[in-house]
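Trainee: Have a look at this one before I ask anything.
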Amino acid sequence: MNPPKTDARRHHDPEVRGFASDNYAGAHPEVLAALALANGGHQVAYGEDAYTDNLQRLIRSHFGATAEVFPVFNGTGANVVALQAVTDRWGAVICAESAHINVDECGAPERVGGLKLLTVPTPDGKLTPELIDRQAYGWEDEHRAMPQVVSIAQNTELGTVYTPDEIRAICEHAHARGMRVHVDGSRLANAAASLNVPMRTFTNAVGVDILSLGGTKNGALFGEAVVVINQDAVSHMKHLRKLSMQLASKMRFVSVQLEALLAKDLWLRNARHANEMAQRLAEGVRAVHGVEILHPVQANAVFARLPHDVSERLQRRYRFYFWDEAAGDVRWMCAFDTTEEDVDGFVAALKEEMAR
């Protein structure tokens, strides 16, 4: 059968790469093939389909027998739904000052979820039991939002990765104080690839209660999921997902993408490649005099400091973002489709601009 004709036109150069975000990458061909496979015919809407049912079994193979998956549209939606599920109306969430839920979600956890965020400054984006205790107090004080959840990102917004022991210590500390633990796992696969361990090693195995599982940054077209690990920690997840406008009617097309990533090793292959490209980029940058790498390169991000005018000129050649423009700090992200040639070309361009 000939492929259907379309009037759609390509409006971009598919050879162009940047280092602004792993969200800039397209969908992995295996994910696109899975979407085509799931198309055609009728399947029951709102998650009662065969693909979502199979995803449930896959999630349990990765996150334990008690895990339950709730596919959603995007990462902010996953975080808002997950955090609502483990808090009361008067509840608060302790997180790093640099956390995505605090910096990059337009206040959605607070305005849509009705939560208070209690932030803590960290040198590397990682919370510790000692840092948590800066905000973990006042449970009986009706004048203060009650700390009920600790939220961490794995890997963090600064590209650093928690070890399983570090997350275990956080979970034990939080649970001893009656709090739950949420993981923002938009790049959870990158953390697992960095640590070279299964995702369960630093989630259900160490006491995490609920998880936002990413797909978009690792080769999916769209779609993330909330994974409930501790069933006793949540209630009415289905109602919360719908209330938060995160219930997909044609959910099979979200679920089949996550299935394509998780059924075998595509999730790991994609993440491992992105991490390796970040390491290659960091090695190339370290050889450039006048450029400083700011944080350990443990996943697929490189944070650097260089002269502001150099960054502005370089941005005309490659897309990337300032992280702290006043300080001259930038962030360079690698994706599953970043090539060695992309990295080497960028490093060569950086050297040229630094020499001007």
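Residues in the structure tokens are named by chain (A, B, ... in the order shown) and by number from 1 within that chain; ligands are numbered from 1 in the order shown.
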Can you check which residues of segment 101-263 of chain A DSSP gives as strand (DSSP E or B) on the backbone and send them as a short mmCIF file (atom, residue, chain, number, x, y, z; two decimals) with all heavy atoms, in the first residue's frame?
Mentor:
data_model
loop_
_atom_site.label_atom_id
_atom_site.label_comp_id
_atom_site.auth_asym_id
_atom_site.auth_seq_id
_atom_site.Cartn_x
_atom_site.Cartn_y
_atom_site.Cartn_z
N LYS A 116 2.24 25.07 48.80
CA LYS A 116 3.28 25.99 49.18
C LYS A 116 4.62 25.31 48.99
O LYS A 116 4.84 24.18 49.46
CB LYS A 116 3.12 26.42 50.65
CG LYS A 116 4.25 27.29 51.19
CD LYS A 116 4.32 28.64 50.50
CE LYS A 116 5.40 29.52 51.13
NZ LYS A 116 5.55 30.79 50.41
N LEU A 117 5.54 25.96 48.26
CA LEU A 117 6.89 25.42 48.10
C LEU A 117 7.81 26.07 49.12
O LEU A 117 7.90 27.29 49.21
CB LEU A 117 7.41 25.68 46.68
CG LEU A 117 6.60 25.06 45.54
CD1 LEU A 117 7.27 25.37 44.20
CD2 LEU A 117 6.43 23.56 45.71
N LEU A 118 8.50 25.23 49.88
CA LEU A 118 9.48 25.69 50.88
C LEU A 118 10.86 25.36 50.32
O LEU A 118 11.28 24.21 50.30
CB LEU A 118 9.25 24.97 52.22
CG LEU A 118 7.86 25.12 52.83
CD1 LEU A 118 7.72 24.25 54.07
CD2 LEU A 118 7.57 26.58 53.18
N THR A 119 11.55 26.38 49.84
CA THR A 119 12.79 26.14 49.09
C THR A 119 14.02 26.26 49.98
O THR A 119 14.03 26.97 50.98
CB THR A 119 12.91 27.12 47.91
OG1 THR A 119 13.01 28.46 48.41
CG2 THR A 119 11.70 27.02 47.00
N VAL A 120 15.06 25.54 49.54
CA VAL A 120 16.34 25.52 50.24
C VAL A 120 17.45 25.75 49.22
O VAL A 120 17.52 25.03 48.22
CB VAL A 120 16.57 24.16 50.95
CG1 VAL A 120 17.89 24.19 51.72
CG2 VAL A 120 15.42 23.83 51.88
N MET A 146 2.12 23.29 56.27
CA MET A 146 2.68 22.10 56.90
C MET A 146 3.60 21.33 55.93
O MET A 146 3.15 20.90 54.86
CB MET A 146 1.56 21.17 57.36
CG MET A 146 2.05 19.92 58.07
SD MET A 146 0.69 18.77 58.46
CE MET A 146 -0.18 19.73 59.72
N PRO A 147 4.85 21.13 56.27
CA PRO A 147 5.73 20.33 55.41
C PRO A 147 5.24 18.87 55.36
O PRO A 147 5.20 18.20 56.38
CB PRO A 147 7.10 20.42 56.10
CG PRO A 147 7.01 21.59 57.02
CD PRO A 147 5.58 21.66 57.44
N GLN A 148 4.88 18.43 54.17
CA GLN A 148 4.36 17.07 54.03
C GLN A 148 5.12 16.25 53.00
O GLN A 148 5.01 15.02 52.99
CB GLN A 148 2.88 17.12 53.63
CG GLN A 148 1.98 17.64 54.75
CD GLN A 148 0.51 17.56 54.38
OE1 GLN A 148 0.12 17.82 53.26
NE2 GLN A 148 -0.32 17.18 55.35
N VAL A 149 5.87 16.90 52.14
CA VAL A 149 6.55 16.20 51.05
C VAL A 149 7.94 16.79 50.86
O VAL A 149 8.13 18.00 50.96
CB VAL A 149 5.77 16.31 49.72
CG1 VAL A 149 6.49 15.55 48.60
CG2 VAL A 149 4.36 15.80 49.87
N VAL A 150 8.89 15.93 50.56
CA VAL A 150 10.20 16.35 50.06
C VAL A 150 10.25 15.97 48.58
O VAL A 150 10.01 14.81 48.23
CB VAL A 150 11.35 15.67 50.83
CG1 VAL A 150 12.70 16.02 50.18
CG2 VAL A 150 11.34 16.08 52.28
N SER A 151 10.53 16.94 47.73
CA SER A 151 10.61 16.67 46.30
C SER A 151 12.05 16.88 45.83
O SER A 151 12.65 17.93 46.08
CB SER A 151 9.68 17.61 45.51
OG SER A 151 9.79 17.38 44.12
N ILE A 152 12.60 15.87 45.18
CA ILE A 152 13.94 15.97 44.61
C ILE A 152 13.86 15.68 43.11
O ILE A 152 12.92 15.03 42.65
CB ILE A 152 14.93 15.00 45.28
CG1 ILE A 152 14.52 13.54 45.05
CG2 ILE A 152 15.05 15.30 46.78
CD1 ILE A 152 15.52 12.53 45.54
N ALA A 153 14.83 16.15 42.37
CA ALA A 153 14.92 15.87 40.94
C ALA A 153 16.10 14.93 40.70
O ALA A 153 17.18 15.13 41.24
CB ALA A 153 15.10 17.16 40.14
N ARG A 180 6.34 12.46 52.90
CA ARG A 180 6.51 11.60 51.74
C ARG A 180 7.65 12.13 50.87
O ARG A 180 8.08 13.27 51.02
CB ARG A 180 5.22 11.55 50.91
CG ARG A 180 3.98 11.15 51.69
CD ARG A 180 4.08 9.76 52.28
NE ARG A 180 2.80 9.34 52.86
CZ ARG A 180 2.63 8.21 53.51
NH1 ARG A 180 3.65 7.38 53.68
NH2 ARG A 180 1.44 7.88 54.00
N VAL A 181 8.09 11.29 49.93
CA VAL A 181 9.17 11.68 49.01
C VAL A 181 8.70 11.53 47.58
O VAL A 181 8.24 10.45 47.17
CB VAL A 181 10.45 10.86 49.24
CG1 VAL A 181 11.52 11.24 48.21
CG2 VAL A 181 10.97 11.08 50.65
N HIS A 182 8.82 12.63 46.83
CA HIS A 182 8.50 12.66 45.40
C HIS A 182 9.78 12.88 44.62
O HIS A 182 10.65 13.66 45.02
CB HIS A 182 7.53 13.82 45.11
CG HIS A 182 7.45 14.21 43.67
ND1 HIS A 182 8.08 15.33 43.16
CD2 HIS A 182 6.81 13.62 42.62
CE1 HIS A 182 7.83 15.42 41.86
NE2 HIS A 182 7.07 14.40 41.51
N VAL A 183 9.90 12.18 43.50
CA VAL A 183 11.03 12.37 42.60
C VAL A 183 10.53 12.93 41.28
O VAL A 183 9.64 12.33 40.64
CB VAL A 183 11.79 11.05 42.35
CG1 VAL A 183 12.84 11.24 41.24
CG2 VAL A 183 12.48 10.58 43.63
N ASP A 184 11.06 14.08 40.88
CA ASP A 184 10.84 14.61 39.55
C ASP A 184 11.82 13.90 38.63
O ASP A 184 13.01 14.22 38.61
CB ASP A 184 11.06 16.13 39.54
CG ASP A 184 10.85 16.76 38.17
OD1 ASP A 184 10.79 16.01 37.17
OD2 ASP A 184 10.78 18.00 38.09
N GLY A 185 11.34 12.93 37.88
CA GLY A 185 12.20 12.09 37.07
C GLY A 185 12.09 12.38 35.58
O GLY A 185 12.07 11.44 34.77
N ILE A 210 6.42 8.39 45.34
CA ILE A 210 5.73 8.73 44.09
C ILE A 210 6.73 9.37 43.15
O ILE A 210 7.69 10.03 43.59
CB ILE A 210 4.51 9.64 44.36
CG1 ILE A 210 3.58 9.68 43.15
CG2 ILE A 210 4.93 11.03 44.83
CD1 ILE A 210 2.20 10.28 43.47
N LEU A 211 6.50 9.20 41.86
CA LEU A 211 7.51 9.55 40.87
C LEU A 211 6.86 10.18 39.65
O LEU A 211 5.80 9.72 39.19
CB LEU A 211 8.25 8.26 40.46
CG LEU A 211 9.12 8.24 39.22
CD1 LEU A 211 10.40 9.04 39.47
CD2 LEU A 211 9.46 6.80 38.86
N SER A 212 7.48 11.23 39.12
CA SER A 212 7.12 11.75 37.81
C SER A 212 8.12 11.17 36.82
O SER A 212 9.32 11.45 36.90
CB SER A 212 7.19 13.28 37.79
OG SER A 212 6.31 13.85 38.74
N LEU A 213 7.63 10.37 35.88
CA LEU A 213 8.51 9.65 34.95
C LEU A 213 8.51 10.34 33.60
O LEU A 213 7.45 10.50 32.98
CB LEU A 213 8.04 8.20 34.81
CG LEU A 213 8.84 7.34 33.83
CD1 LEU A 213 10.29 7.17 34.30
CD2 LEU A 213 8.17 5.98 33.67
N GLU A 224 4.29 11.96 29.56
CA GLU A 224 5.03 11.55 30.75
C GLU A 224 4.08 10.67 31.57
O GLU A 224 3.01 10.30 31.10
CB GLU A 224 5.47 12.76 31.58
CG GLU A 224 5.93 13.98 30.78
CD GLU A 224 7.34 13.87 30.25
OE1 GLU A 224 8.25 13.70 31.06
OE2 GLU A 224 7.53 13.99 29.02
N ALA A 225 4.45 10.38 32.80
CA ALA A 225 3.57 9.56 33.64
C ALA A 225 3.84 9.84 35.11
O ALA A 225 4.95 10.20 35.49
CB ALA A 225 3.76 8.08 33.35
N VAL A 226 2.80 9.68 35.91
CA VAL A 226 2.96 9.61 37.36
C VAL A 226 3.00 8.14 37.73
O VAL A 226 2.14 7.36 37.31
CB VAL A 226 1.79 10.30 38.09
CG1 VAL A 226 1.94 10.13 39.61
CG2 VAL A 226 1.72 11.78 37.73
N VAL A 227 4.01 7.76 38.49
CA VAL A 227 4.12 6.38 38.96
C VAL A 227 3.95 6.38 40.48
O VAL A 227 4.77 6.96 41.20
CB VAL A 227 5.48 5.75 38.58
CG1 VAL A 227 5.56 4.32 39.13
CG2 VAL A 227 5.66 5.75 37.07
N VAL A 228 2.88 5.79 40.95
CA VAL A 228 2.63 5.65 42.38
C VAL A 228 3.32 4.38 42.84
O VAL A 228 3.03 3.28 42.36
CB VAL A 228 1.13 5.59 42.69
CG1 VAL A 228 0.91 5.35 44.18
CG2 VAL A 228 0.44 6.86 42.24
#
Trainee: Apply DSSP to the structure's backbone, then extract all residues of segment 166-235 of chain A labelled alpha helix (DSSP H) and return them as a ChimeraX atom specification.
Mentor: /A:166-176,188-195
Trainee: Just to be explicit: take each residue in the selection above, keep N, CA and C atoms, and write the result as a PDB file, in the first residue's frame.
Mentor:
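Result file is selection-v1.pdb:
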ATOM      1  N   GLU A 166      22.196   8.268  48.842  1.00  0.00           N
ATOM      2  CA  GLU A 166      21.752   9.627  49.158  1.00  0.00           C
ATOM      3  C   GLU A 166      20.230   9.719  49.160  1.00  0.00           C
ATOM      4  N   ILE A 167      19.586   9.065  48.208  1.00  0.00           N
ATOM      5  CA  ILE A 167      18.122   9.094  48.175  1.00  0.00           C
ATOM      6  C   ILE A 167      17.547   8.272  49.319  1.00  0.00           C
ATOM      7  N   ARG A 168      18.176   7.153  49.649  1.00  0.00           N
ATOM      8  CA  ARG A 168      17.729   6.370  50.801  1.00  0.00           C
ATOM      9  C   ARG A 168      17.776   7.202  52.085  1.00  0.00           C
ATOM     10  N   ALA A 169      18.846   7.952  52.265  1.00  0.00           N
ATOM     11  CA  ALA A 169      18.973   8.790  53.463  1.00  0.00           C
ATOM     12  C   ALA A 169      17.873   9.849  53.510  1.00  0.00           C
ATOM     13  N   ILE A 170      17.557  10.431  52.362  1.00  0.00           N
ATOM     14  CA  ILE A 170      16.481  11.422  52.290  1.00  0.00           C
ATOM     15  C   ILE A 170      15.139  10.778  52.631  1.00  0.00           C
ATOM     16  N   CYS A 171      14.876   9.603  52.059  1.00  0.00           N
ATOM     17  CA  CYS A 171      13.606   8.924  52.320  1.00  0.00           C
ATOM     18  C   CYS A 171      13.461   8.555  53.797  1.00  0.00           C
ATOM     19  N   GLU A 172      14.504   8.004  54.371  1.00  0.00           N
ATOM     20  CA  GLU A 172      14.441   7.633  55.789  1.00  0.00           C
ATOM     21  C   GLU A 172      14.230   8.860  56.664  1.00  0.00           C
ATOM     22  N   HIS A 173      14.921   9.936  56.339  1.00  0.00           N
ATOM     23  CA  HIS A 173      14.799  11.174  57.108  1.00  0.00           C
ATOM     24  C   HIS A 173      13.391  11.759  56.985  1.00  0.00           C
ATOM     25  N   ALA A 174      12.875  11.800  55.754  1.00  0.00           N
ATOM     26  CA  ALA A 174      11.540  12.357  55.531  1.00  0.00           C
ATOM     27  C   ALA A 174      10.467  11.498  56.185  1.00  0.00           C
ATOM     28  N   HIS A 175      10.558  10.191  56.012  1.00  0.00           N
ATOM     29  CA  HIS A 175       9.545   9.298  56.570  1.00  0.00           C
ATOM     30  C   HIS A 175       9.533   9.347  58.097  1.00  0.00           C
ATOM     31  N   ALA A 176      10.712   9.495  58.695  1.00  0.00           N
ATOM     32  CA  ALA A 176      10.776   9.586  60.152  1.00  0.00           C
ATOM     33  C   ALA A 176      10.052  10.824  60.670  1.00  0.00           C
ATOM     34  N   LEU A 188      15.072  10.778  34.478  1.00  0.00           N
ATOM     35  CA  LEU A 188      15.416   9.638  35.325  1.00  0.00           C
ATOM     36  C   LEU A 188      16.301   8.636  34.574  1.00  0.00           C
ATOM     37  N   ALA A 189      16.048   8.461  33.290  1.00  0.00           N
ATOM     38  CA  ALA A 189      16.844   7.528  32.500  1.00  0.00           C
ATOM     39  C   ALA A 189      18.298   7.959  32.431  1.00  0.00           C
ATOM     40  N   ASN A 190      18.534   9.263  32.344  1.00  0.00           N
ATOM     41  CA  ASN A 190      19.914   9.752  32.299  1.00  0.00           C
ATOM     42  C   ASN A 190      20.637   9.463  33.606  1.00  0.00           C
ATOM     43  N   ALA A 191      19.911   9.571  34.714  1.00  0.00           N
ATOM     44  CA  ALA A 191      20.517   9.253  36.008  1.00  0.00           C
ATOM     45  C   ALA A 191      20.863   7.776  36.101  1.00  0.00           C
ATOM     46  N   ALA A 192      19.954   6.917  35.641  1.00  0.00           N
ATOM     47  CA  ALA A 192      20.217   5.477  35.679  1.00  0.00           C
ATOM     48  C   ALA A 192      21.411   5.117  34.796  1.00  0.00           C
ATOM     49  N   ALA A 193      21.483   5.752  33.627  1.00  0.00           N
ATOM     50  CA  ALA A 193      22.619   5.500  32.737  1.00  0.00           C
ATOM     51  C   ALA A 193      23.926   5.963  33.367  1.00  0.00           C
ATOM     52  N   SER A 194      23.878   7.101  34.051  1.00  0.00           N
ATOM     53  CA  SER A 194      25.073   7.629  34.708  1.00  0.00           C
ATOM     54  C   SER A 194      25.544   6.712  35.825  1.00  0.00           C
ATOM     55  N   LEU A 195      24.595   6.215  36.624  1.00  0.00           N
ATOM     56  CA  LEU A 195      24.927   5.339  37.746  1.00  0.00           C
ATOM     57  C   LEU A 195      25.156   3.894  37.316  1.00  0.00           C
TER      58      LEU A 195
END
Trainee: Kindly assemble as a tab-separated table a list of the segment 241-339 of chain A residues that lie within 12 Å of segment 84-92 of chain A, each paired with its nearest atom pair and their distance in Å to one decimal, using only C-alpha atoms, sorted first by chain and then by ascending residue number.
Mentor:
residue	atom	partner	partner_atom	distance
A:Arg241	CA	A:Ala85	CA	9.3
A:Leu243	CA	A:Gln84	CA	10.7
A:Ser244	CA	A:Gln84	CA	9.5
Trainee: Segment 288-298 of chain A: which residues within 9 Å, counting only C-alpha atoms, same-chain residues fewer than 2 positions away excluded, as a ChimeraX atom specification?
Mentor: /A:124,155,158-161,190-191,194-195,275,278-279,282,284-286,300-307,329,347,350-351,354
Trainee: For the residues in the current selection, export C-alpha atoms as a PDB file, in the first residue's frame.
Mentor:
ATOM      1  CA  ASP A 124      24.803  21.490  43.516  1.00  0.00           C
ATOM      2  CA  ASN A 155      18.999  14.025  37.861  1.00  0.00           C
ATOM      3  CA  LEU A 158      22.218  21.348  37.578  1.00  0.00           C
ATOM      4  CA  GLY A 159      23.034  18.021  35.939  1.00  0.00           C
ATOM      5  CA  THR A 160      24.141  16.312  39.131  1.00  0.00           C
ATOM      6  CA  VAL A 161      22.988  12.821  40.114  1.00  0.00           C
ATOM      7  CA  ASN A 190      19.914   9.752  32.299  1.00  0.00           C
ATOM      8  CA  ALA A 191      20.517   9.253  36.008  1.00  0.00           C
ATOM      9  CA  SER A 194      25.073   7.629  34.708  1.00  0.00           C
ATOM     10  CA  LEU A 195      24.927   5.339  37.746  1.00  0.00           C
ATOM     11  CA  ASN A 275      25.295  11.340  28.563  1.00  0.00           C
ATOM     12  CA  ALA A 278      27.839  15.526  27.235  1.00  0.00           C
ATOM     13  CA  GLN A 279      31.087  13.925  28.410  1.00  0.00           C
ATOM     14  CA  ALA A 282      32.925  18.618  28.518  1.00  0.00           C
ATOM     15  CA  GLY A 284      36.430  19.416  24.482  1.00  0.00           C
ATOM     16  CA  VAL A 285      35.467  22.484  26.486  1.00  0.00           C
ATOM     17  CA  ARG A 286      38.042  21.818  29.215  1.00  0.00           C
ATOM     18  CA  ASN A 300      23.502  15.075  29.687  1.00  0.00           C
ATOM     19  CA  ALA A 301      24.098  18.694  30.740  1.00  0.00           C
ATOM     20  CA  VAL A 302      27.207  20.857  30.769  1.00  0.00           C
ATOM     21  CA  PHE A 303      27.162  24.112  32.730  1.00  0.00           C
ATOM     22  CA  ALA A 304      29.915  26.570  31.912  1.00  0.00           C
ATOM     23  CA  ARG A 305      31.055  30.170  32.458  1.00  0.00           C
ATOM     24  CA  LEU A 306      32.592  32.194  29.657  1.00  0.00           C
ATOM     25  CA  PRO A 307      32.677  35.815  28.467  1.00  0.00           C
ATOM     26  CA  ASP A 329      26.802  31.094  33.038  1.00  0.00           C
ATOM     27  CA  VAL A 347      33.720  22.939  20.328  1.00  0.00           C
ATOM     28  CA  LEU A 350      33.665  27.890  20.692  1.00  0.00           C
ATOM     29  CA  LYS A 351      37.417  27.942  20.144  1.00  0.00           C
ATOM     30  CA  MET A 354      37.130  32.634  22.205  1.00  0.00           C
TER      31      MET A 354
END
Trainee: Between atom CA of Gln246 of chain A and atom CA of Val72 of chain A, what is the distance, to one decimal in Å?
Mentor: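 About the pair atom CA of Gln246 of chain A and atom CA of Val72 of chain A: they are 5.1 Å apart.
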Trainee: Have a look at atom CA of Ala335 of chain A and atom CA of Ala25 of chain A and let me know their distance in Å, one decimal.
Mentor: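 Straight-line distance from atom CA of Ala335 of chain A to atom CA of Ala25 of chain A works out to 6.6 Å.
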Trainee: I'd like the neighbourhood of Ala274 of chain A as a count of residues only, where a residue qualifies if any of its atoms comes within 7 Å (using only C-alpha atoms), though same-chain residues fewer than 2 positions away should be ignored.
Mentor: 11
Trainee: Please identify all polymer residues within 12 Å of Arg316 of chain A, counting only C-alpha atoms, omitting same-chain residues fewer than 5 positions from it, and present them as a PyMOL selection string.
Mentor: chain A and resi 18+309-311+321+346+349-350+353
Trainee: List the spatial neighbours of Phe320 of chain A as a list in words - criterion: any atom at most 9 Å away, only C-alpha atoms, same-chain residues fewer than 6 positions off excluded.
Mentor: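 These residues fall inside the cut-off: Gly18, Phe19, Ala20, Ser21, Ser311, Leu314, Val330, Arg331, Trp332 and Met333 of chain A.
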